[in-house]
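Asker: Pasting a structure here, questions to come.
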Amino acid sequence: MAPRDPVGRDRALPDRVVLLGIRHHGPGSARMVAAALEAVRPEVVLIEGPPEGDALLEHLPSLVPPVALLLHDEAEPSAAAFWPFAEFSPEWRALTWARANAVPARFFDLPAAASLGAEPSEPRAVVDPLGVLAEAAGFDDPERWWEDVVEHSAGADPRALAGAVAEAMTALREEFADEVDERTLRREAHMRQSLRKALKETEGPVVVVCGAWHVPALGALPPATADAALLKGLPKRKVSGTWVPWSHGRLASSSGYGAGVDSPGWYAHLWECAERGDAVPRWFARAASVLRAEDLPASTASAVEAVRLADTLAALRGRPSPGLSEVSEAALAVLCGGDEVPLRLVHEKLVIGERLGEVGEGVPRSPLAADVARWQRKLRFPPSLEGKPYRLDLRKDNERERSKLLRRLEVLGVPWGRPDTTSSLGTFAEMWQVRWDPGFAVALGGAARHGTTVEAAADRVLCQRARDADRVAPAAEVLSTAVGCELPIAVLAARSALDRCAAAATDAVELLGALPDLATTVRYGSVRGTDPELLRVALHGLLARGAVGLPLACKGVDDETAERALVAVNGADDAARLAADEEHQAVWRRALRSLVGMPDAHGLPTGRATRLLWEAGELDTAAVAARLHRATSWNGGTASGATAFVSGFLRGSASLLAADARLFDLVDEWLSGLAPADFDDALPLLRKAISDFSPAERRLLGDRVLGSSASSGVVSGEWDEAVAERLAAHVRALLAGVSA
Amino acid sequence: MTTETVLRPAAEQQYAAELAALAAADDRPRPPRWRMSPQAVVTYVLGGTLPDGTVITPKYVGSRRLVEVAVGTLVTDRALLLVGVPGTAKSWLSEHLAAAVSGDSTLVVQGTAGTSEESVRYGWNYARLISEGPSEAALVPSPVLRAMQTGAVARVEELSRMPAEVQDSFITILSEKALPVPELNLHVQAVPGFTVIATANDRDRGVNQMSSALARRFNTVVLPPPATEDDEVRIVTARAAQLGRSLQLPTEPPALDEVRRVVRIFRELRNGSTVDGRTQLKKPSGSLSTAEAISVIAGGMAQAGHFGDGSLGADELASGLLGAVVKDRVSDSAVWQEYLEAVIKERVEWRDLYRACQDLDTSGYTVSGA
């Protein structure tokens, strides 16, 4: 509220100023503004909005709303804010009227420079003043209230209407005086300063279009010095901006103007039909055609009945004309047969009514945004608000370029497409879920500082990320992103970052952990136009370093680290077999061998290494059996170490164990070769080792064991007395031990 | 007939005083042959206080919008179809709407699998037909035909239970607002005020699905189960007290706590989770409607009045609850047992109910351990 002046130095506004208090994005307010401007014919129009936007008003003719004024800090483009306008926004009406009548229109709110980035998540008290009044009057929709109470009662003179609004707002401001924050006071001080300036400039009438909430604060002018004091010390920065296409969906969310609107489609409809006066019939005609488009029955006869019901409902509720709630209820009862599902369809298509604005060619855009638009045209890949799946075949140039564009934009913080990982299509095809969001304009504005083209900007971002990478994993991630984006410079940067991190890394497990991703990249890199040799060299470097450090990394570690080591060993082995050359595969196997040979390494990775070497034919069965025997009988170690070895050896291979006769025989031989005492020792360990297996897997394994003994029994047809005797003696001994 | 002499008086008899007061106080325009204005009908259904101080009791507790759409439909002389799961007050609302609009809620056609075309159109007095030949005197009009002639509301209960060909005889009536009688070369045309309120059961939709030609002659209003526990408690309390009066039960009005308990049990089982949303529950096969909750309370009151100390308690409720929940002896008693052990037992203040239910159980009321 304006600083109250006890001695009454406030000067009343001259009569030639007309204050139009509006509801942002309210079609009723828009009509009032349009009518008032026609009646007053001002010489200056002041509109709530950032003054920095004035320079962009010249582009008005090439805009098709909904559009938004996007302003950002030149030094820090990601600090940006937007002011959306729809066809039915009162501010838009004022702008277009001023344009058509060659009257200067100016934004007169606080400069965006003062608010940009200052409070990124300002908890603004959002009071929808007309909404509050409407609610008090028992209306659920403020527009309805406006229509019923304001437009139908105050006659045709828009100025009288504005007067009534101002009066109501004054009362409301007194009630909500506590909700007015510092920022609002400053904004209003700036509005008054601009108003003073406009009054000095012209002798003619001045029209002010601002949120109804601010009207009481502009009703009288306190001494200019008071306002100047309020505005002192505001941050100054260089702000530039542009117009961006906006959408009804984005209007529905909150924005620079505070609360959004829930039913932009309905408001647009009201605005479009206001002159013809057929809002309700046309609405039902459109609803019926929406339903018919979905193969739902909706006859013209039903639409007629719906109109009648909506009119009756309005009469029943004592309202002059049907509003959104009446038409929705009538549509539900008549057109949708009481079923909410088709009504939801009507709601989506008509009440919200998705629509994308247009910004003409002449409007200055950041070179980056222009580049995006150019690519979209070139690749016949138009931005669409409806999500759409794309299957991109990377062997086709156009589709590969699309994939490249999507990936590069993702790097720039514009997730236009999301890779659909649920269905893997192999090497040459990718699935994307592609959906444009007008809000990407903000991210693009922010990314503009990185470069003038998508390629250059993404390249710079990735190079920066590569420079910032301090661990192997992020560096490897940058590398695979760079390969996906097909940015050679970034690939090189990421490559050297990877080298740098690998050299600095002390943890072999971490080094090895980066290998699987890298191996995939190496394998598919050729599709992406990156030289696979380059990547292979990186892979070899990592593998060599990791291999050297592996045995030490498994020595004297706790179980958690050992688990990580096990995963790393598994992944690295796959990667080595997949992508490394013969020489480096040998290096890797040597590392495994020295791990196996190390007496005090943790059992988990050691067991796995043993198994891998055996699979590769590096260790023969006898050696493995000996190793198993050693692990389980080794008196110097702990029982848990032995379990870990067996567990590492068998982990995750229950099915393999059941199916692979060699592996099965190996374990079988080792077990049956154990002396009774050793077997007793090994039994709990073994039991623990296979406790990871699921019940189904254990049953499978059990069946396998039964099957093997049964088959051998059938084949031989007779007892091996010696074995049976040994077994029986052992069981007897066990039982005796238990009963003793 | 006074309310004392019949078991269940019709709405226009029971609420004659309210209807008269509403009609007297009503100064708004009335559609042709309506007893009161549409706004007054809404007030009659939802309750309110008249300028002269007469209190109108609420007949339907629920969304005002739904009632307004229903009344608005009747104003536009469109037929109204009330749809909902059993026990959501479809017939109740239809009866009261008919009573308020045309002062007569008795022009009813009950839809069953055996409903014939005669009960929708007209039949014949065969003695007369044979002795005098076809004449208007020999014609026996159906409730629908009478409503057409007098400009009243005809009610059709359970429309979707009627055979499809009988349903379809409504098409001409609803679209032409006329009924031809070829035998007499007559064409009966409905007078203003005639309309139809039909009810249909959601769960029966598959039985005799309405043809789309018929469906599009109705405005459909779906009646949901009561939105909140408090709403449902209000409905059950009010209706059970009324039943107690009309059944002349020698008992006190039901204690609010007991009503709340029954309503909560019903709602929890219906929704498949406890009120706090922490426990998942199995749903029983029955619909557990508000109407059933009312009958559990009324039954409990009768038991308390005749066999107990006159006040409704856990013992009186237990058997009624069991009967309402357990419709299928095998699956539902498992559901009930689970609810008993998992929910009722856990609530300290519900111990009496738990014991009462267990007593029933041990006395072999249900299939034990099923």
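Residue numbering restarts at 1 for every chain of the structure tokens, chains are lettered A, B, ... in their displayed order, and ligands are numbered from 1 as they appear.
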With a cut-off of 9 Å and counting only C-alpha atoms, select all residues of chain B in contact with chain A and give the selection as a list in words.

Answerer: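 The answer, sorted by residue number, is Pro38, Gln39, Arg65, Leu66, Glu68, Val69, Ala70, Val71, Gly72, Thr73, Val75, Thr76, Arg78, Val83, Ser212, Ala215, Arg216, Arg217, Phe218, Asn219, Thr220, Val221 and Val222 of chain B.
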
Asker: Kindly save the residues from that selection, with C-alpha atoms included, as a compact mmCIF listing (two decimals), in the first residue's frame.

Answerer:
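Listed below is the output, part-v9.txt:
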# COMPACT_ATOMS: atom_id res chain seq x y z
CA PRO B 38 -37.55 -26.20 -9.60
CA GLN B 39 -35.66 -24.29 -6.90
CA ARG B 65 -24.81 -30.22 -8.22
CA LEU B 66 -26.16 -33.69 -8.83
CA GLU B 68 -29.58 -29.59 -9.60
CA VAL B 69 -28.68 -31.49 -12.75
CA ALA B 70 -31.47 -33.97 -12.00
CA VAL B 71 -34.08 -31.27 -11.47
CA GLY B 72 -32.80 -29.31 -14.44
CA THR B 73 -33.28 -32.39 -16.57
CA VAL B 75 -37.50 -29.03 -16.33
CA THR B 76 -36.32 -29.61 -19.87
CA ARG B 78 -35.96 -34.87 -20.78
CA VAL B 83 -27.35 -44.76 -12.14
CA SER B 212 -27.88 -46.56 -27.59
CA ALA B 215 -29.69 -44.31 -23.82
CA ARG B 216 -29.47 -41.08 -25.72
CA ARG B 217 -33.00 -40.16 -24.74
CA PHE B 218 -31.95 -39.99 -21.11
CA ASN B 219 -29.81 -37.55 -19.21
CA THR B 220 -27.69 -39.66 -16.93
CA VAL B 221 -26.82 -38.77 -13.36
CA VAL B 222 -24.46 -41.11 -11.55

Asker: Let's see if you can do this: from backbone DSSP, list all alpha helix (DSSP H) residues in segment 66-191 of chain B, as a ChimeraX atom specification.

Answerer: /B:66-75,90-102,117-120,126-132,143-150,164-176

Asker: Using only C-alpha atoms, which residue out of B:Ala127, B:Met36, B:Ala98, B:Leu243 lies closest to Val140 of chain B?

Answerer: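 Checking each candidate against Val140 of chain B, we get B:Ala127 as the closest.
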
Asker: Give me the residues within 9 Å of segment 17-27 of chain A as number ranges by chain, counting only C-alpha atoms and dropping any in the same chain fewer than 5 places off.

Answerer: A: 32-33, 36, 40, 42, 85-91, 128-131, 142-143, 146, 158-159, 161-163, 165-166, 169, 199, 204-215, 218-219, 251, 257-261, 264, 267-268, 270-271

Asker: Suppose we keep C-alpha atoms; can you now write the selection as a PDB file, in the first residue's frame?

Answerer:
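And here is the file that came out, result.pdb:
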ATOM      1  CA  MET A  32     -13.503  -4.340 -20.301  1.00  0.00           C
ATOM      2  CA  VAL A  33     -10.046  -3.125 -21.316  1.00  0.00           C
ATOM      3  CA  ALA A  36     -12.504   1.227 -22.098  1.00  0.00           C
ATOM      4  CA  VAL A  40     -11.268   6.847 -23.523  1.00  0.00           C
ATOM      5  CA  PRO A  42      -5.834   7.580 -24.388  1.00  0.00           C
ATOM      6  CA  PHE A  85       0.083 -13.467 -22.950  1.00  0.00           C
ATOM      7  CA  ALA A  86      -2.942 -15.195 -24.399  1.00  0.00           C
ATOM      8  CA  GLU A  87      -5.457 -13.917 -26.928  1.00  0.00           C
ATOM      9  CA  PHE A  88      -7.784 -13.184 -24.029  1.00  0.00           C
ATOM     10  CA  SER A  89      -5.241 -11.507 -21.736  1.00  0.00           C
ATOM     11  CA  PRO A  90      -6.254  -7.920 -20.941  1.00  0.00           C
ATOM     12  CA  GLU A  91      -2.599  -6.883 -21.295  1.00  0.00           C
ATOM     13  CA  ASP A 128      -6.120 -13.570  -6.642  1.00  0.00           C
ATOM     14  CA  PRO A 129      -8.120 -10.569  -5.506  1.00  0.00           C
ATOM     15  CA  LEU A 130     -11.056 -11.072  -7.855  1.00  0.00           C
ATOM     16  CA  GLY A 131     -10.921 -14.759  -6.960  1.00  0.00           C
ATOM     17  CA  PRO A 142     -13.862 -15.982 -10.739  1.00  0.00           C
ATOM     18  CA  GLU A 143     -14.639 -15.417 -14.414  1.00  0.00           C
ATOM     19  CA  TRP A 146     -16.975 -11.265 -13.108  1.00  0.00           C
ATOM     20  CA  PRO A 158     -16.385   0.224 -18.876  1.00  0.00           C
ATOM     21  CA  ARG A 159     -15.192   3.183 -16.843  1.00  0.00           C
ATOM     22  CA  LEU A 161     -17.005  -0.924 -14.186  1.00  0.00           C
ATOM     23  CA  ALA A 162     -13.370  -0.086 -13.496  1.00  0.00           C
ATOM     24  CA  GLY A 163     -14.523   2.271 -10.756  1.00  0.00           C
ATOM     25  CA  VAL A 165     -13.535  -2.835  -9.266  1.00  0.00           C
ATOM     26  CA  ALA A 166     -11.275  -0.201  -7.723  1.00  0.00           C
ATOM     27  CA  MET A 169     -10.163  -3.704  -4.251  1.00  0.00           C
ATOM     28  CA  LEU A 199       1.604  12.589 -16.868  1.00  0.00           C
ATOM     29  CA  GLY A 204      -4.104  13.811 -22.900  1.00  0.00           C
ATOM     30  CA  PRO A 205      -5.822  10.896 -21.224  1.00  0.00           C
ATOM     31  CA  VAL A 206      -3.715   8.041 -19.820  1.00  0.00           C
ATOM     32  CA  VAL A 207      -4.982   4.492 -19.376  1.00  0.00           C
ATOM     33  CA  VAL A 208      -3.334   2.214 -16.849  1.00  0.00           C
ATOM     34  CA  VAL A 209      -3.833  -1.544 -17.169  1.00  0.00           C
ATOM     35  CA  CYS A 210      -2.675  -3.415 -14.098  1.00  0.00           C
ATOM     36  CA  GLY A 211      -3.680  -6.186 -11.755  1.00  0.00           C
ATOM     37  CA  ALA A 212      -6.744  -5.152  -9.776  1.00  0.00           C
ATOM     38  CA  TRP A 213      -4.727  -5.659  -6.640  1.00  0.00           C
ATOM     39  CA  HIS A 214      -2.516  -2.648  -7.436  1.00  0.00           C
ATOM     40  CA  VAL A 215      -5.302  -0.227  -8.258  1.00  0.00           C
ATOM     41  CA  LEU A 218      -2.154   3.955  -7.710  1.00  0.00           C
ATOM     42  CA  GLY A 219      -5.293   5.854  -6.747  1.00  0.00           C
ATOM     43  CA  LEU A 251      -0.562 -20.831 -18.998  1.00  0.00           C
ATOM     44  CA  TYR A 257       2.141 -13.008 -13.207  1.00  0.00           C
ATOM     45  CA  GLY A 258       1.474 -15.204 -10.221  1.00  0.00           C
ATOM     46  CA  ALA A 259      -1.348 -17.684 -10.316  1.00  0.00           C
ATOM     47  CA  GLY A 260      -2.089 -19.385 -13.619  1.00  0.00           C
ATOM     48  CA  VAL A 261      -5.497 -20.132 -15.016  1.00  0.00           C
ATOM     49  CA  PRO A 264      -7.386 -21.453 -20.669  1.00  0.00           C
ATOM     50  CA  TYR A 267     -11.473 -18.645 -21.578  1.00  0.00           C
ATOM     51  CA  ALA A 268     -10.228 -18.570 -25.148  1.00  0.00           C
ATOM     52  CA  LEU A 270     -15.454 -17.274 -24.224  1.00  0.00           C
ATOM     53  CA  TRP A 271     -13.302 -14.604 -25.773  1.00  0.00           C
TER      54      TRP A 271
END

Asker: Please extract the residues of segment 141-330 of chain B with a backbone DSSP assignment of strand (DSSP E or B) and present them as a PyMOL selection string.

Answerer: chain B and resi 141+153-157+178-181+186-189+195-201+218-222+273+280

Asker: Which polymer residues have any atom within 10 Å of an atom of Ala138 of chain B, counting only C-alpha atoms, with same-chain residues fewer than 4 positions away left out, as number ranges by chain?

Answerer: B: 123-134

Asker: Near segment 618-623 of chain A, within 9 Å and counting only C-alpha atoms, which residues show up once chain neighbours fewer than 4 positions away are dropped, as a list in words?

Answerer: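 In the requested format, the answer is Arg589, Arg593, Thr610, Arg611, Leu612, Leu613, Trp614, Arg627, Leu628, Arg662, Leu663, Leu666 and Trp670 of chain A.
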